[in-house]
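Undergrad: Sharing a structure here in structure tokens format.
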Amino acid sequence: MLKNDQLEQWDRDNFFHPSTHLAEFARGNLPQRVITGGSGCHIEDREGNRLLDAFAGLYCVNVGYGRQEIAEAIADQARELAYYHAYVGHGTEASITLAKMVLDRAPDHMSKVYFGQSGSDANETNIKLVWYYNNIVGRPEKKKIISRWRGYHGSGLMTGSLTGLEAFQKKFDLPLDRVIHTDAPYYFRRETLDQTEEQFTAQCVASLEALIEQEGADTIAAFIGEPALGTGGLVPPPAGYWPAIQAVLDRHDILLIADEVVTGFGRLGTMFGSEHYGLKPDIITIAKGLTSAYAPLSGSIVSDKVWAVLEQGTDENGPIGHGWTYSAHPIGAAAGVANLKLIDDLNLVQNAGEMGAYLKRTLTEALGDHAHVGDIRGEGLLCAVEFVQDRDSRTFFDAGDKVGPTVAAKLLDEGVIGRAMPQGDIIGFAPPFCLTKDEADEVVGKLVKAVAAAGL
Ligand code: PMP
């Protein structure tokens, strides 16, 4: 094993880390934590620290760390056939089986799944499919995509444009044309404090209607949204939101893309968020939970309606000109098959629902009356605590006070990983689905200590 100081030097000299303050890293002001192992809800680092990972990596290691069944499936696949492509009708036993398993779990009206590598490339695929769709049905002007402020859909050119968070666009010359944003369905941050949840939903719907009116429905191809907002703050939608939004989209013949990269395969306590909130999407994006991040794999699940047009398009234009070298990579597919089987065998979707309710309840009991806690919210194992300077007037702290990052750092000192979400003083929890009551109690107890240690 390399000496720590040598590894740290190599890290600083060679490694361009994603989503990192590069200059601070180079100056040695960021932790260079090297993760060496994991089991269940815990990870270990090179210094021998054992941390309770209450964010499951980047809310992706849904079945927990160290699952030998998935490791074996990957190893077996690598020995037998590490790679073959999926172009021109090729497949492997793993990729074909996984497609069947995904469709068995997806809403009934879904038809086929296209496999990619990451959530970002799956959403890039989705936008291309939507444009292709409208060209085939003879509506070449109907191309704009509506996304929401605070939505997160990836870091690519188009997907970074769809993402409604400033940090992912600033200085990158994004958003690109054809992307427009509408209101974030974030009741706690409503402008008018005495508004009810139903009134707030009505306002979101009215502002979507107004945007469609202003742009012209015949120029808008699709609406993309996460069933519950993820990176933008971990926010379940306000009462009645999705049925009302869906009705507007249907009326204007606008396709719905449900980005289920976080919510797919159980995080909300149901197999899909679409099922949870009664959405009927035309395309569903999947990634993280498809393999629990044991290997990179994503997917775009398309509905019967979309599929019929894609088939027609190839009859008219030849093979679909969209493919990745690693589409349906056999190792990712093998990981996916083993992962989905494990989720069933261990009843993890149900556990996510039950433990999510327990975590939210215990967080509320412990911190619900705290003078600086403005909101405790969640659905399934997607929970957040939002801090405010003053509860009654709902005054937020200045971003420069770094309240969220400070609480997260104090929590880490206690041995628990929560995530300071990028916009607002929000600590997020999205642990693996195998979380136990004792682990949930530990998260809550240590958060209480961290909040005090942060001076709140
Ligand atoms: N969509 C959502 C809802 C996500 O949360 C993410 C990643 N956090 C993505 C898309 C992009 O996925 P990836 O990072 O795998 O490209």
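Chain labels A, B, ... are given in the sequence in which chains occur in the structure tokens; within each chain residues are numbered consecutively from 1, and ligands are likewise numbered from 1 in the order shown.
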Quick one: contact table of chain A to ligand 1, 8 Å max, nearest atom pair and distance in Å to one decimal per residue, counting only C-alpha atoms and all ligand atoms, chain and number order, as a Markdown table?
TA:
| residue | atom | partner | partner_atom_place_in_ligand_line | distance |
| --- | --- | --- | --- | --- |
| A:Leu58 | CA | ligand 1 | 8 (N) | 6.7 |
| A:Tyr59 | CA | ligand 1 | 8 (N) | 7.7 |
| A:Gln117 | CA | ligand 1 | 15 (O) | 7.4 |
| A:Ser118 | CA | ligand 1 | 15 (O) | 3.8 |
| A:Gly119 | CA | ligand 1 | 12 (O) | 3.2 |
| A:Ser120 | CA | ligand 1 | 16 (O) | 3.5 |
| A:Asp121 | CA | ligand 1 | 16 (O) | 6.3 |
| A:Ala122 | CA | ligand 1 | 16 (O) | 7.9 |
| A:Asn123 | CA | ligand 1 | 10 (C) | 7.0 |
| A:Gly151 | CA | ligand 1 | 3 (C) | 7.4 |
| A:Tyr152 | CA | ligand 1 | 3 (C) | 5.2 |
| A:His153 | CA | ligand 1 | 1 (N) | 3.8 |
| A:Gly154 | CA | ligand 1 | 11 (C) | 3.8 |
| A:Ser155 | CA | ligand 1 | 16 (O) | 6.4 |
| A:Gly156 | CA | ligand 1 | 16 (O) | 7.8 |
| A:Thr159 | CA | ligand 1 | 10 (C) | 7.9 |
| A:Glu226 | CA | ligand 1 | 3 (C) | 5.7 |
| A:Leu229 | CA | ligand 1 | 3 (C) | 7.5 |
| A:Gly230 | CA | ligand 1 | 5 (O) | 5.8 |
| A:Thr231 | CA | ligand 1 | 5 (O) | 6.0 |
| A:Asp259 | CA | ligand 1 | 3 (C) | 5.4 |
| A:Glu260 | CA | ligand 1 | 3 (C) | 6.0 |
| A:Val261 | CA | ligand 1 | 3 (C) | 4.7 |
| A:Val262 | CA | ligand 1 | 5 (O) | 5.3 |
| A:Thr263 | CA | ligand 1 | 3 (C) | 7.8 |
| A:Thr285 | CA | ligand 1 | 1 (N) | 7.5 |
| A:Ala287 | CA | ligand 1 | 15 (O) | 6.4 |
| A:Lys288 | CA | ligand 1 | 15 (O) | 6.6 |
| A:Pro296 | CA | ligand 1 | 15 (O) | 7.9 |
| A:Ser298 | CA | ligand 1 | 15 (O) | 7.5 |
Undergrad: Check which residues of stretch 214-305 of chain A sit at most 9 Å from stretch 333-347 of chain A using only C-alpha atoms, and return one row each with the closest pair of atoms and their distance in Å to one decimal, ordered by chain and rising number, as a tab-separated table.
TA:
residue	atom	partner	partner_atom	distance
A:Phe265	CA	A:Leu340	CA	8.0
A:Gly266	CA	A:Ile343	CA	8.5
A:Gly289	CA	A:Asn339	CA	8.4
A:Leu290	CA	A:Gly336	CA	5.6
A:Thr291	CA	A:Gly336	CA	4.3
A:Ser292	CA	A:Asn339	CA	6.7
A:Ala293	CA	A:Ala335	CA	8.6
A:Tyr294	CA	A:Ala335	CA	6.4
A:Ala295	CA	A:Ala335	CA	6.4
A:Leu297	CA	A:Ala333	CA	7.3
Undergrad: Filtering to N, CA and C atoms, could you give me those residues as a short mmCIF file (atom, residue, chain, number, x, y, z; two decimals), in the first residue's frame?
TA:
data_model
loop_
_atom_site.label_atom_id
_atom_site.label_comp_id
_atom_site.auth_asym_id
_atom_site.auth_seq_id
_atom_site.Cartn_x
_atom_site.Cartn_y
_atom_site.Cartn_z
N PHE A 265 -36.79 2.51 -8.66
CA PHE A 265 -36.42 1.27 -7.96
C PHE A 265 -36.45 1.40 -6.45
N GLY A 266 -37.37 2.22 -5.95
CA GLY A 266 -37.74 2.05 -4.54
C GLY A 266 -37.50 3.16 -3.55
N GLY A 289 -30.22 3.68 -9.07
CA GLY A 289 -30.78 2.51 -8.40
C GLY A 289 -30.88 1.28 -9.29
N LEU A 290 -30.65 1.44 -10.58
CA LEU A 290 -30.73 0.31 -11.52
C LEU A 290 -29.66 -0.73 -11.20
N THR A 291 -28.49 -0.25 -10.81
CA THR A 291 -27.41 -1.19 -10.43
C THR A 291 -26.94 -0.93 -9.00
N SER A 292 -27.61 -0.04 -8.29
CA SER A 292 -27.11 0.46 -6.99
C SER A 292 -25.67 0.93 -7.12
N ALA A 293 -25.29 1.40 -8.30
CA ALA A 293 -23.98 1.99 -8.58
C ALA A 293 -22.83 0.97 -8.51
N TYR A 294 -23.15 -0.32 -8.53
CA TYR A 294 -22.07 -1.31 -8.57
C TYR A 294 -21.36 -1.29 -9.92
N ALA A 295 -22.05 -0.80 -10.95
CA ALA A 295 -21.44 -0.55 -12.26
C ALA A 295 -22.26 0.56 -12.90
N LEU A 297 -24.65 2.27 -15.24
CA LEU A 297 -25.67 1.87 -16.22
C LEU A 297 -26.89 2.75 -16.02
#
Undergrad: So what do you get for atom CA of A:Ala73 versus atom CA of A:Ile331, distance-wise?
TA: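 For atom CA of A:Ala73 relative to atom CA of A:Ile331, the distance reads 8.2 Å.
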Undergrad: One decimal, in Å: what's the spacing between atom CA of A:Ile245 and atom CA of A:Cys204?
TA: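 It comes out at 8.5 Å.
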Undergrad: What does the distance from atom CA of A:Ala454 to atom CA of A:Lys410 come to in Å, to one decimal?
TA: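 Atom CA of A:Ala454 sits 6.7 Å away from atom CA of A:Lys410.
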Undergrad: Could you give me, as a ChimeraX atom specification, the residues within 9 Å of A:Pro227, counting only C-alpha atoms and dropping anything in the same chain fewer than 4 positions from it?
TA: /A:236-237,242,258-260,263,272-274,276-277,279
Undergrad: Need the shell around A:Ala239: protein/DNA/RNA residues with any atom at most 9 Å away, counting only C-alpha atoms. Skip same-chain ones fewer than 5 positions apart. Format as a list in words?
TA: Glu197, Glu198, Phe200 and Thr201 of chain A
Undergrad: Would you please work out which residue, of A:Thr364, A:Thr406, A:Asn134, A:Thr270, is nearest to A:Gly445 when using only C-alpha atoms?
TA: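 Of the candidates, the smallest distance to A:Gly445 is held by A:Thr364.
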Undergrad: Kindly indicate which residue among A:Met110, A:Leu255, A:Leu310, A:Val63 lies nearest to A:Ala352, using only C-alpha atoms for the distances.
TA: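 Looking only at the distances to A:Ala352, the closest residue turns out to be A:Val63.
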